[in-house]
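input15.txt (compact mmCIF, C-alpha atoms)
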```
# COMPACT_ATOMS: atom_id res chain seq x y z
CA MET A 21 -151.51 -230.14 66.71
CA ALA A 22 -151.82 -232.02 70.00
CA LEU A 23 -155.26 -230.47 70.57
CA ALA A 24 -156.34 -231.41 67.03
CA PHE A 25 -155.13 -234.97 67.67
CA ILE A 26 -157.03 -235.28 70.95
CA VAL A 27 -160.23 -234.00 69.33
CA SER A 28 -159.69 -236.40 66.38
CA LEU A 29 -159.34 -239.32 68.76
CA ILE A 30 -162.45 -238.35 70.71
CA VAL A 31 -164.51 -238.02 67.52
CA ALA A 32 -162.96 -240.95 65.61
CA LEU A 33 -163.62 -243.70 68.18
CA PRO A 34 -167.41 -243.31 68.48
CA MET A 35 -167.66 -242.58 64.75
CA ALA A 36 -165.80 -245.82 63.88
CA MET A 37 -167.89 -247.77 66.39
CA LEU A 38 -171.09 -246.37 64.91
CA ILE A 39 -170.02 -247.19 61.34
CA ALA A 40 -168.97 -250.74 62.28
CA SER A 41 -171.92 -251.38 64.61
CA THR A 42 -174.16 -253.21 62.14
CA PRO A 43 -173.61 -254.45 58.57
CA ARG A 44 -176.57 -252.37 57.37
CA LEU A 45 -175.25 -249.15 58.92
CA GLN A 46 -171.80 -249.93 57.60
CA SER A 47 -173.10 -250.40 54.07
CA VAL A 48 -174.58 -246.88 54.23
CA LEU A 49 -171.99 -244.97 56.28
CA LEU A 50 -168.75 -246.49 55.02
CA PRO A 51 -169.08 -245.19 51.43
CA ILE A 52 -169.97 -241.73 52.80
CA ALA A 53 -166.90 -241.77 55.05
CA ASP A 54 -164.82 -242.99 52.14
CA ILE A 55 -165.91 -240.06 49.98
CA LEU A 56 -165.33 -237.56 52.79
CA GLN A 57 -161.83 -238.84 53.50
CA SER A 58 -160.97 -238.52 49.81
CA VAL A 59 -161.59 -234.76 49.91
CA PRO A 60 -158.29 -233.04 50.86
CA ALA A 61 -158.58 -231.25 54.21
CA LEU A 62 -157.09 -228.11 52.68
CA ALA A 63 -160.02 -227.90 50.27
CA PHE A 64 -162.13 -226.91 53.27
CA PHE A 65 -159.59 -224.34 54.39
CA PRO A 66 -160.89 -221.17 52.70
CA VAL A 67 -164.37 -221.83 54.13
CA VAL A 68 -162.97 -222.74 57.55
CA VAL A 69 -160.77 -219.65 57.61
CA ALA A 70 -163.66 -217.41 56.60
CA PHE A 71 -165.78 -218.89 59.40
CA PHE A 72 -163.18 -218.76 62.20
CA VAL A 73 -161.41 -215.54 61.15
CA ALA A 74 -164.76 -213.75 61.21
CA ARG A 75 -164.85 -214.74 64.91
CA ASN A 76 -161.18 -213.81 65.41
CA ALA A 77 -160.34 -217.45 66.20
CA PHE A 78 -157.20 -217.96 64.08
CA GLU A 79 -155.87 -220.76 66.27
CA LEU A 80 -159.14 -222.67 66.03
CA ALA A 81 -159.11 -222.45 62.24
CA VAL A 82 -155.79 -224.29 62.15
CA VAL A 83 -156.85 -226.80 64.80
CA PHE A 84 -160.00 -227.55 62.81
CA VAL A 85 -158.18 -228.17 59.53
CA ILE A 86 -155.55 -230.38 61.21
CA PHE A 87 -158.42 -232.23 62.94
CA LEU A 88 -160.06 -232.84 59.54
CA SER A 89 -156.81 -234.15 58.11
CA MET A 90 -156.20 -236.46 61.10
CA LEU A 91 -159.72 -237.80 61.62
CA TRP A 92 -159.97 -240.33 58.78
CA ASN A 93 -156.49 -241.66 59.44
CA ILE A 94 -157.81 -242.91 62.77
CA VAL A 95 -161.38 -243.80 61.75
CA PHE A 96 -160.53 -246.36 59.05
CA PRO A 97 -157.89 -248.37 60.95
CA VAL A 98 -160.24 -248.48 63.97
CA ILE A 99 -163.11 -249.78 61.79
CA GLY A 100 -160.71 -252.48 60.57
CA GLY A 101 -159.69 -253.21 64.15
CA LEU A 102 -163.28 -253.60 65.32
CA GLN A 103 -163.81 -256.18 62.60
CA THR A 104 -160.82 -258.23 63.72
CA ILE A 105 -162.27 -258.91 67.18
CA PRO A 106 -163.00 -262.66 67.06
CA ASP A 107 -166.63 -263.74 67.48
CA ASP A 108 -165.61 -266.04 70.34
CA ILE A 109 -164.15 -263.09 72.24
CA LYS A 110 -167.49 -261.27 71.88
CA SER A 111 -169.33 -264.42 72.94
CA ALA A 112 -167.02 -264.84 75.94
CA ALA A 113 -167.69 -261.22 76.93
CA THR A 114 -171.43 -261.94 76.83
CA VAL A 115 -171.13 -265.17 78.83
CA PHE A 116 -168.84 -263.59 81.43
CA ASN A 117 -171.23 -260.71 81.98
CA VAL A 118 -169.07 -258.00 80.37
CA HIS A 119 -171.64 -255.60 78.94
CA GLY A 120 -172.04 -251.90 78.11
CA TRP A 121 -169.31 -249.57 79.29
CA ARG A 122 -167.36 -252.41 80.87
CA ARG A 123 -167.19 -254.20 77.52
CA PHE A 124 -166.11 -250.96 75.83
CA LEU A 125 -163.36 -250.29 78.40
CA TYR A 126 -162.09 -253.80 79.08
CA VAL A 127 -162.59 -255.52 75.73
CA THR A 128 -163.21 -253.13 72.82
CA VAL A 129 -160.65 -250.41 73.57
CA PRO A 130 -157.78 -252.83 74.29
CA ALA A 131 -158.73 -254.89 71.23
CA ILE A 132 -158.52 -251.87 68.93
CA PHE A 133 -155.51 -250.36 70.72
CA PRO A 134 -153.00 -251.50 68.02
CA PHE A 135 -155.22 -249.91 65.38
CA ILE A 136 -155.53 -246.67 67.37
CA VAL A 137 -151.74 -246.52 67.57
CA THR A 138 -151.31 -247.18 63.84
CA GLY A 139 -154.01 -244.65 62.98
CA SER A 140 -152.51 -242.06 65.34
CA LEU A 141 -149.10 -242.50 63.76
CA LEU A 142 -150.59 -241.87 60.32
CA ALA A 143 -152.63 -238.96 61.67
CA TRP A 144 -149.55 -237.24 63.09
CA ALA A 145 -147.68 -237.74 59.82
CA GLN A 146 -150.57 -236.13 57.99
CA GLY A 147 -150.75 -233.42 60.67
CA TRP A 148 -147.11 -232.41 60.09
CA THR A 149 -147.84 -231.94 56.40
CA ILE A 150 -150.93 -229.85 57.02
CA VAL A 151 -149.49 -227.74 59.84
CA ILE A 152 -146.84 -226.30 57.52
CA VAL A 153 -149.51 -224.97 55.18
CA ALA A 154 -152.20 -224.24 57.74
CA GLU A 155 -150.17 -221.91 59.94
CA VAL A 156 -149.60 -219.55 57.03
CA LEU A 157 -153.09 -218.19 57.44
CA HIS A 158 -152.63 -214.93 55.57
CA THR A 159 -152.54 -216.73 52.23
CA TYR A 160 -156.14 -217.80 52.77
CA ILE A 161 -157.39 -214.41 54.03
CA PRO A 162 -158.33 -211.81 51.39
CA ASN A 163 -155.73 -209.02 51.64
CA GLY A 164 -154.08 -210.91 54.52
CA THR A 165 -150.64 -210.11 55.89
CA ALA A 166 -147.93 -212.27 57.47
CA SER A 167 -148.87 -210.80 60.87
CA GLN A 168 -152.01 -212.94 60.74
CA ASP A 169 -149.97 -216.14 60.58
CA LEU A 170 -149.72 -218.32 63.66
CA LEU A 171 -146.29 -218.63 65.18
CA GLY A 172 -145.07 -222.15 64.69
CA LEU A 173 -142.63 -224.30 62.82
CA GLY A 174 -144.91 -224.35 59.78
CA SER A 175 -145.20 -220.59 59.41
CA LEU A 176 -141.48 -220.12 60.24
CA LEU A 177 -140.56 -222.53 57.47
CA VAL A 178 -142.81 -220.96 54.84
CA ASP A 179 -142.25 -217.31 55.76
CA SER A 180 -138.46 -217.66 56.12
CA ASN A 181 -138.32 -219.38 52.77
CA ALA A 182 -140.44 -216.64 51.17
CA GLN A 183 -138.26 -213.94 52.76
CA ALA A 184 -135.02 -215.78 51.87
CA LYS A 185 -133.97 -216.04 55.55
CA SER A 186 -131.99 -219.22 55.07
CA GLY A 187 -130.68 -219.28 58.67
CA VAL A 188 -134.20 -219.26 60.12
CA PHE A 189 -135.35 -221.74 57.49
CA LEU A 190 -132.56 -224.23 58.29
CA ALA A 191 -133.08 -223.84 62.04
CA SER A 192 -136.84 -224.45 61.65
CA LEU A 193 -136.26 -227.45 59.43
CA THR A 194 -133.73 -228.92 61.90
CA ALA A 195 -136.10 -228.31 64.80
CA MET A 196 -138.92 -230.06 62.96
CA ILE A 197 -136.76 -233.08 62.05
CA LEU A 198 -135.56 -233.31 65.67
CA LEU A 199 -139.10 -233.06 67.01
CA VAL A 200 -140.40 -235.75 64.67
CA THR A 201 -137.45 -238.02 65.54
CA VAL A 202 -137.86 -237.56 69.29
CA LEU A 203 -141.61 -238.17 69.06
CA ASN A 204 -141.00 -241.30 67.03
CA LEU A 205 -138.41 -242.71 69.40
CA ALA A 206 -140.02 -241.66 72.66
CA VAL A 207 -143.71 -242.14 71.85
CA TRP A 208 -144.55 -244.08 68.71
CA GLN A 209 -141.96 -246.84 68.85
CA PRO A 210 -142.77 -247.78 72.50
CA LEU A 211 -146.49 -247.62 71.70
CA LEU A 212 -146.05 -249.84 68.64
CA ARG A 213 -144.10 -252.36 70.73
CA LEU A 214 -146.73 -252.25 73.47
CA SER A 215 -149.53 -252.71 70.95
CA GLN A 216 -148.15 -256.14 69.98
CA ARG A 217 -149.41 -257.43 73.32
CA PHE A 218 -152.96 -256.46 72.35
CA ARG A 219 -153.07 -258.31 69.04
CA PHE A 220 -155.16 -261.43 68.61
CA ASP A 221 -153.25 -264.43 67.22
CA MET B 22 -176.48 -288.18 93.18
CA THR B 23 -178.48 -286.14 90.72
CA SER B 24 -181.33 -283.78 91.41
CA ALA B 25 -184.65 -284.02 89.58
CA VAL B 26 -184.69 -280.24 89.10
CA PRO B 27 -183.42 -279.39 85.62
CA ALA B 28 -180.42 -277.04 85.67
CA LEU B 29 -180.89 -276.35 81.99
CA ALA B 30 -183.80 -277.02 79.70
CA LEU B 31 -184.75 -276.47 76.11
CA ASP B 32 -188.47 -276.62 75.46
CA HIS B 33 -189.52 -277.02 71.81
CA VAL B 34 -186.61 -274.85 70.74
CA SER B 35 -186.02 -274.04 67.09
CA LYS B 36 -183.30 -271.86 65.69
CA SER B 37 -183.11 -270.59 62.16
CA TYR B 38 -181.15 -267.91 60.38
CA VAL B 39 -182.29 -265.58 57.63
CA LYS B 40 -178.91 -265.00 55.96
CA PRO B 41 -178.12 -267.63 54.83
CA ARG B 42 -181.59 -269.11 55.30
CA ASN B 43 -181.00 -272.16 57.42
CA LEU B 44 -182.90 -274.11 60.05
CA VAL B 45 -180.21 -275.40 62.38
CA VAL B 46 -182.26 -276.64 65.33
CA LYS B 47 -185.80 -277.92 64.94
CA ASP B 48 -188.24 -278.33 67.81
CA LEU B 49 -185.70 -279.62 70.30
CA SER B 50 -186.64 -280.41 73.89
CA VAL B 51 -183.92 -281.50 76.30
CA SER B 52 -183.80 -281.33 80.06
CA ILE B 53 -180.44 -281.48 81.80
CA ARG B 54 -180.69 -282.24 85.49
CA GLN B 55 -178.68 -280.48 88.15
CA GLY B 56 -175.43 -282.20 89.09
CA GLU B 57 -175.53 -284.33 86.01
CA ALA B 58 -172.55 -284.46 83.70
CA CYS B 59 -174.29 -284.36 80.37
CA PHE B 60 -172.82 -284.66 76.93
CA ILE B 61 -174.52 -283.37 73.81
CA GLY B 62 -173.40 -284.68 70.48
CA PRO B 63 -172.01 -286.15 68.39
CA SER B 64 -173.16 -285.12 64.96
CA GLY B 65 -173.04 -282.40 62.35
CA CYS B 66 -175.00 -279.19 62.54
CA GLY B 67 -176.68 -277.59 65.51
CA LYS B 68 -174.48 -278.66 68.43
CA SER B 69 -172.59 -275.42 68.81
CA ILE B 70 -175.77 -273.41 68.30
CA LEU B 71 -177.30 -275.40 71.12
CA ILE B 72 -174.46 -274.48 73.45
CA LYS B 73 -174.81 -270.83 72.41
CA LEU B 74 -178.52 -270.97 73.25
CA LEU B 75 -177.73 -272.49 76.64
CA ALA B 76 -175.02 -269.89 77.24
CA GLY B 77 -177.33 -267.00 76.38
CA ILE B 78 -175.07 -265.93 73.50
CA ASP B 79 -177.86 -266.55 71.00
CA LYS B 80 -181.65 -266.50 71.29
CA PRO B 81 -183.99 -269.19 69.96
CA THR B 82 -186.31 -268.39 67.05
CA SER B 83 -189.08 -270.17 68.95
CA GLY B 84 -189.42 -272.15 72.15
CA THR B 85 -187.95 -271.41 75.55
CA VAL B 86 -184.53 -271.91 77.11
CA THR B 87 -184.33 -272.30 80.88
CA ARG B 88 -180.89 -271.43 82.21
CA PRO B 89 -179.32 -269.77 85.22
CA ASP B 90 -178.33 -266.11 84.82
CA LEU B 91 -174.72 -267.08 85.16
CA VAL B 92 -172.88 -269.90 83.44
CA GLY B 93 -169.21 -270.68 82.89
CA MET B 94 -168.12 -271.57 79.39
CA VAL B 95 -165.02 -273.05 77.80
CA PHE B 96 -164.49 -272.18 74.14
CA GLN B 97 -162.93 -274.25 71.37
CA SER B 98 -160.73 -271.29 70.35
CA TYR B 99 -159.91 -270.53 74.04
CA ALA B 100 -161.25 -266.94 73.62
CA LEU B 101 -158.61 -265.50 75.93
CA LEU B 102 -157.89 -261.78 76.00
CA PRO B 103 -154.27 -261.50 74.81
CA TRP B 104 -153.45 -258.47 76.96
CA LEU B 105 -154.24 -260.06 80.31
CA THR B 106 -151.95 -262.44 82.17
CA VAL B 107 -153.41 -265.74 83.32
CA GLU B 108 -153.85 -264.43 86.85
CA ALA B 109 -155.48 -261.20 85.65
CA LYS B 110 -157.79 -263.22 83.43
CA VAL B 111 -159.10 -265.41 86.24
CA ALA B 112 -159.51 -262.37 88.51
CA PHE B 113 -161.25 -260.45 85.70
CA ALA B 114 -163.83 -263.22 85.23
CA ALA B 115 -164.57 -263.13 88.97
CA ARG B 116 -164.67 -259.33 89.13
CA MET B 117 -167.15 -259.08 86.26
CA GLN B 118 -169.67 -261.06 88.31
CA GLY B 119 -169.87 -258.25 90.86
CA PHE B 120 -168.11 -260.22 93.62
CA ASP B 121 -166.65 -258.14 96.44
CA VAL B 122 -162.86 -257.76 96.70
CA SER B 123 -162.37 -260.57 99.24
CA MET B 124 -164.48 -262.94 97.15
CA VAL B 125 -162.55 -262.03 93.98
CA ASP B 126 -159.30 -262.75 95.88
CA ARG B 127 -160.57 -266.06 97.21
CA VAL B 128 -161.94 -267.25 93.87
CA THR B 129 -158.79 -266.15 92.02
CA ARG B 130 -156.52 -267.97 94.51
CA GLU B 131 -158.67 -271.09 94.35
CA TYR B 132 -158.75 -271.49 90.59
CA LEU B 133 -155.25 -270.19 89.97
CA ARG B 134 -154.03 -273.41 91.59
CA MET B 135 -154.97 -275.16 88.34
CA VAL B 136 -152.71 -272.86 86.36
CA GLN B 137 -150.23 -271.68 89.01
CA ALA B 138 -147.16 -272.67 86.98
CA PHE B 139 -147.91 -270.07 84.34
CA ALA B 140 -149.98 -267.52 86.25
CA ALA B 141 -147.80 -264.57 85.21
CA ARG B 142 -147.74 -265.43 81.51
CA TYR B 143 -149.74 -264.09 78.60
CA PRO B 144 -151.77 -266.45 76.34
CA ARG B 145 -149.29 -266.25 73.46
CA GLU B 146 -146.63 -267.67 75.78
CA LEU B 147 -148.72 -270.79 76.47
CA SER B 148 -149.26 -274.08 74.65
CA GLY B 149 -152.75 -275.07 73.45
CA GLY B 150 -153.28 -277.33 76.44
CA GLN B 151 -152.17 -274.64 78.89
CA ARG B 152 -154.47 -272.13 77.23
CA GLN B 153 -157.41 -274.45 77.58
CA ARG B 154 -156.59 -275.02 81.27
CA VAL B 155 -156.73 -271.24 81.66
CA GLY B 156 -160.07 -271.29 79.83
CA ILE B 157 -161.38 -273.84 82.32
CA ALA B 158 -160.03 -271.90 85.34
CA ARG B 159 -161.64 -268.72 84.02
CA ALA B 160 -164.97 -270.50 83.45
CA LEU B 161 -164.92 -271.87 87.00
CA ALA B 162 -164.09 -268.43 88.45
CA VAL B 163 -167.63 -267.21 87.75
CA GLU B 164 -168.77 -269.68 90.44
CA SER B 165 -171.73 -270.93 88.42
CA ASP B 166 -173.29 -274.34 88.91
CA VAL B 167 -173.24 -274.82 85.15
CA LEU B 168 -170.17 -275.32 82.99
CA LEU B 169 -170.64 -275.36 79.21
CA THR B 170 -167.91 -276.52 76.89
CA ASP B 171 -167.93 -276.28 73.10
CA GLU B 172 -165.59 -278.90 71.63
CA PRO B 173 -162.90 -277.52 73.94
CA PHE B 174 -160.18 -280.04 73.16
CA SER B 175 -160.65 -280.66 69.45
CA ALA B 176 -157.56 -278.64 68.52
CA LEU B 177 -155.29 -280.44 71.00
CA ASP B 178 -153.14 -283.54 70.70
CA PRO B 179 -154.61 -286.85 72.01
CA VAL B 180 -152.43 -286.99 75.16
CA MET B 181 -153.34 -283.46 76.18
CA THR B 182 -156.99 -284.14 75.32
CA ASP B 183 -157.01 -287.16 77.66
CA GLU B 184 -155.41 -285.11 80.44
CA LEU B 185 -157.94 -282.33 80.10
CA HIS B 186 -160.85 -284.75 79.94
CA ASP B 187 -159.64 -286.19 83.23
CA ASP B 188 -159.45 -282.64 84.61
CA VAL B 189 -163.06 -282.06 83.60
CA LEU B 190 -164.10 -285.35 85.16
CA ARG B 191 -162.29 -284.43 88.40
CA ILE B 192 -164.03 -281.05 88.44
CA TRP B 193 -167.38 -282.77 88.02
CA GLU B 194 -166.64 -285.30 90.76
CA GLN B 195 -165.40 -282.66 93.22
CA MET B 196 -167.80 -279.81 92.51
CA ARG B 197 -170.83 -281.65 91.14
CA LYS B 198 -171.43 -278.96 88.60
CA THR B 199 -173.71 -279.48 85.66
CA ILE B 200 -171.32 -279.93 82.78
CA VAL B 201 -172.58 -279.82 79.22
CA MET B 202 -170.00 -280.79 76.67
CA VAL B 203 -170.29 -280.66 72.90
CA SER B 204 -168.12 -283.17 71.09
CA HIS B 205 -167.97 -285.42 68.06
CA ASN B 206 -166.04 -288.14 69.86
CA PHE B 207 -168.14 -291.22 70.77
CA GLU B 208 -165.51 -292.66 73.14
CA LYS B 209 -165.21 -289.45 75.13
CA ALA B 210 -168.97 -289.13 75.28
CA ILE B 211 -169.28 -292.55 76.92
CA TYR B 212 -166.19 -291.92 79.09
CA LEU B 213 -167.45 -288.64 80.53
CA ALA B 214 -171.19 -288.33 80.33
CA ASP B 215 -174.17 -289.79 82.13
CA ARG B 216 -176.45 -288.85 79.28
CA VAL B 217 -175.64 -288.46 75.64
CA CYS B 218 -177.91 -286.56 73.33
CA VAL B 219 -177.38 -287.74 69.76
CA MET B 220 -178.35 -285.05 67.26
CA SER B 221 -178.45 -284.86 63.54
CA GLU B 222 -179.18 -282.07 61.14
CA ALA B 223 -182.20 -280.05 62.32
CA GLU B 224 -183.84 -283.21 63.69
CA SER B 225 -184.92 -283.95 67.18
CA LYS B 226 -182.60 -285.89 69.40
CA THR B 227 -182.16 -289.31 70.92
CA ILE B 228 -181.13 -289.43 74.55
CA VAL B 229 -178.88 -292.27 75.61
CA ASP B 230 -178.36 -292.88 79.32
CA VAL B 231 -174.90 -294.11 80.20
CA ASN B 232 -175.16 -296.21 83.34
CA LEU B 233 -171.57 -297.41 83.57
CA PRO B 234 -169.76 -297.20 86.92
CA ARG B 235 -166.82 -294.80 87.27
CA PRO B 236 -163.95 -294.83 86.58
CA ARG B 237 -164.95 -296.08 83.17
CA ARG B 238 -162.57 -298.44 81.44
CA GLN B 239 -162.38 -297.95 77.71
CA GLU B 240 -161.35 -301.58 77.16
CA SER B 241 -164.49 -302.98 78.87
CA GLU B 242 -167.19 -304.66 76.80
CA ALA B 243 -169.92 -302.45 78.26
CA PHE B 244 -168.00 -299.33 77.30
CA ASN B 245 -167.55 -300.49 73.72
CA LEU B 246 -171.16 -301.51 73.55
CA GLY B 247 -172.11 -297.94 74.46
CA VAL B 248 -169.82 -296.56 71.76
CA ARG B 249 -171.28 -298.95 69.18
CA LYS B 250 -174.78 -297.92 70.21
CA LEU B 251 -173.99 -294.24 69.67
CA ARG B 252 -172.36 -294.98 66.34
CA ALA B 253 -175.32 -297.09 65.20
CA LEU B 254 -177.75 -294.38 66.24
CA LEU B 255 -175.87 -291.74 64.35
CA GLU B 256 -175.31 -293.87 61.26
CA GLY B 257 -178.96 -294.91 61.30
CA ARG B 258 -179.97 -291.29 61.38
CA ALA B 259 -177.59 -290.44 58.57
CA ARG B 260 -179.00 -293.30 56.48
CA SER B 261 -182.58 -292.22 57.09
CA ALA B 262 -181.72 -288.63 56.24
CA ALA B 263 -180.05 -289.79 53.02
CA ALA B 264 -183.14 -291.87 52.13
CA ASP B 265 -185.36 -288.83 52.73
CA THR B 266 -183.38 -286.72 50.30
CA ALA B 267 -182.65 -289.39 47.67
CA PRO B 268 -184.31 -288.85 44.26
CA PRO B 269 -187.29 -291.14 43.63
CA GLN B 270 -186.31 -294.33 41.76
CA GLY B 271 -187.56 -295.04 38.22
CA ARG B 272 -188.00 -291.42 37.23
CA GLY B 273 -186.22 -289.16 34.82
```
Take the structure in the file and give it back as C-alpha cells.
Amino acid sequence: MALAFIVSLIVALPMAMLIASTPRLQSVLLPIADILQSVPALAFFPVVVAFFVARNAFELAVVFVIFLSMLWNIVFPVIGGLQTIPDDIKSAATVFNVHGWRRFLYVTVPAIFPFIVTGSLLAWAQGWTIVIVAEVLHTYIPNGTASQDLLGLGSLLVDSNAQAKSGVFLASLTAMILLVTVLNLAVWQPLLRLSQRFRFD
Amino acid sequence: MTSAVPALALDHVSKSYVKPRNLVVKDLSVSIRQGEACFIGPSGCGKSILIKLLAGIDKPTSGTVTRPDLVGMVFQSYALLPWLTVEAKVAFAARMQGFDVSMVDRVTREYLRMVQAFAARYPRELSGGQRQRVGIARALAVESDVLLTDEPFSALDPVMTDELHDDVLRIWEQMRKTIVMVSHNFEKAIYLADRVCVMSEAESKTIVDVNLPRPRRQESEAFNLGVRKLRALLEGRARSAAADTAPPQGRG
C-alpha cells in the first residue's frame, strides 16, 4: 500500500499541474479525469490481474489497483490547491526571480502541501478499502486457489471469514483498527496540523 | 540630485486583453529618471497594469518597456509566503537573486533591522502594517535600484499609512532608489513624489512636476495648490471623458 501511495503521489502531482496549467487544457482534461475517477478501480481488476498474473507479478497487480484507487483522491484536491494560489503570490515569484524548478520547490509544492495532505488522507482511506478485496487475488483468477492470495490483513480478513476462523478474523480486524489508529495519530494528525502553516489567509 | 538617464521608461505602450476585450493602457510614454521618487496615479483603470508592465509581470501588447532585470516590488495584498518566517522571507528574496552566502547574510541582516521585532514570526501573526513592513524589507533585499509599489497602504489605517509613507520617504532619501508608487491619494502623491503622472481610462497621461522643498508640510498653501491642481486635472479628464461618451443632444 505504501508503494502504491508513493507511485500515486509521483504521478498525481505532475498530472494535476498539467491539468491546471492553462484554462484551455483544463477544459479538455478535467472532464476526462472526472470520468476516469468515476470508474471504480476494481472494475479494472480482472484485466489488471490477467495482465500481471500472466507475468507472475501478483504483488504488482495489487499495487496497481490500489494505485488506481488512490490516484484521483490526490489529483483533484491538488488541482483545487493550485487554483487557490493567489495571483499576487505568482506575481511576487516572477518579480523576485523565482522561476522553473525553484518556483516548483519553493512556492508551488508548499502552497499545495495542505491539499496533498488532505488528498493523501483520502487516498489511504480508499486504499484500506481496496486492499481488503485486492489481496484476495484468487477470486479474480479463473480456477484460482487461496494459495494465490497475497499475505496481508486484507486476505487474512476475507479468507478467515470464509473459512469461519473467527479467532484469526478478530485478530486481523483488531490489527487493522490499531494500524489505522496509529497511522492517524502519528502521521495524519501531525501533518494536518503542520499543513495549517501553509494555508493562504 | 537626479540623473538624466531614465531608470524606467514606457515608449508608446498599449495593453489590451482579449477576454474580456478591454484596452487598459493606450499609447503611453513615460520616462522615470534614476534617483527620482516618482508617483503614478491617481485615477481609475490602468495604474496597476502599468506597475505590472514595469515589474515584468505582464508584457505590453505594443510598445517597449525599458526596465532593469531586477526590481523590488511591494504588493497591496502583501503577497507573503505564509510558511516562511519574516527572517526566512527576507533571506529567501536575497537568495533567489543568486547572491553568495556572505552577501545573503549581509543583506538579510541589513533589512531585518526594519522588522527585527518580529523577525521570528509568521505572516499570520502580524498586523497589516507589520506585514507591509516585511513586504518593503523583502523588496529591498533584492538590492535593486528600483522599488515599485502598487497601492501598498490602501488596506491600512490612516496612522499606519502615514508611518509607512514616512518609511518609504526615508528609504528614498537614504538610498536614492527610484521609487514608483501607484496610489489614488492626491495628498500622498504631492507629499511623496517629485513627479505625478495623472492617468485616466486608456488615455495618455499628464505629468505634473512637484517642486516643493522637503519635508513637505501638508498645511502649506503650495502643498494644497498642488493637490487642487491634481484634482482639477483628474476631474477635467473625467468631465471630458463623460462628454465624449454622452448621447448626442436633440436626438431620439
Might you pull out every residue within 12 Å of Arg237 (chain B), with all atoms listed in the file counted and same-chain residues fewer than 6 positions away left off, and present them as a PDB file with C-alpha atoms, in the coordinates of the input?
```pdb
ATOM      1  CA  ASP B 187    -159.640-286.190  83.230  1.00  0.00           C
ATOM      2  CA  LEU B 190    -164.100-285.350  85.160  1.00  0.00           C
ATOM      3  CA  GLU B 208    -165.510-292.660  73.140  1.00  0.00           C
ATOM      4  CA  LYS B 209    -165.210-289.450  75.130  1.00  0.00           C
ATOM      5  CA  ALA B 210    -168.970-289.130  75.280  1.00  0.00           C
ATOM      6  CA  ILE B 211    -169.280-292.550  76.920  1.00  0.00           C
ATOM      7  CA  TYR B 212    -166.190-291.920  79.090  1.00  0.00           C
ATOM      8  CA  LEU B 213    -167.450-288.640  80.530  1.00  0.00           C
ATOM      9  CA  ALA B 214    -171.190-288.330  80.330  1.00  0.00           C
ATOM     10  CA  ASP B 215    -174.170-289.790  82.130  1.00  0.00           C
ATOM     11  CA  VAL B 231    -174.900-294.110  80.200  1.00  0.00           C
ATOM     12  CA  ALA B 243    -169.920-302.450  78.260  1.00  0.00           C
ATOM     13  CA  PHE B 244    -168.000-299.330  77.300  1.00  0.00           C
ATOM     14  CA  ASN B 245    -167.550-300.490  73.720  1.00  0.00           C
ATOM     15  CA  GLY B 247    -172.110-297.940  74.460  1.00  0.00           C
TER      16      GLY B 247
END
```
Nearest candidate to chain A (options B:Val86, B:Met124, B:Ala115, B:Val107; using all atoms listed in the file):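 Between B:Val86, B:Met124, B:Ala115, B:Val107, the residue approaching chain A most closely is B:Ala115.
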Separation of CA of Met181 (chain B) from CA of Gln151 (chain B), in Å and rounded to one decimal: 9.3 Å
All residues 10 Å or closer to Val153 (chain A), all atoms listed in the file, same chain fewer than 5 positions away omitted, as a count of residues only: 8
Shell of 10 Å around Trp144 (chain A), all atoms listed in the file, local chain residues under 5 positions omitted, as a list in words: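 Close residues of Trp144 (chain A): Met21, Ala22, Ala24, Phe25, Ile86, Ser89, Met90, Asn93, Gly139, Thr149, Ile150, Val200 and Leu203 of chain A.
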Please produce a file of those selected residues containing C-alpha atoms, as a compact mmCIF listing (two decimals), in the frame of the given file.
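Okay, this is what ended up in result-v1.txt:
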```txt
# COMPACT_ATOMS: atom_id res chain seq x y z
CA MET A 21 -151.51 -230.14 66.71
CA ALA A 22 -151.82 -232.02 70.00
CA ALA A 24 -156.34 -231.41 67.03
CA PHE A 25 -155.13 -234.97 67.67
CA ILE A 86 -155.55 -230.38 61.21
CA SER A 89 -156.81 -234.15 58.11
CA MET A 90 -156.20 -236.46 61.10
CA ASN A 93 -156.49 -241.66 59.44
CA GLY A 139 -154.01 -244.65 62.98
CA THR A 149 -147.84 -231.94 56.40
CA ILE A 150 -150.93 -229.85 57.02
CA VAL A 200 -140.40 -235.75 64.67
CA LEU A 203 -141.61 -238.17 69.06
```
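Closest approach to Ile152 (chain A) among A:Leu193, A:Val118, A:Val59, A:Leu173 is made by A:Leu173 (distances from all atoms listed in the file).
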Check: which chain B residues lie within 7 Å of chain A using only C-alpha atoms, as a ChimeraX atom specification: /B:76-78,92,100,103-104,114,117-118
Nearest to Phe139 (chain B) by atom-to-atom distance, counting all atoms listed in the file, from B:Val229, B:Cys218, B:Val155, B:Val248: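 That would be B:Val155, the residue with the smallest distance to Phe139 (chain B).
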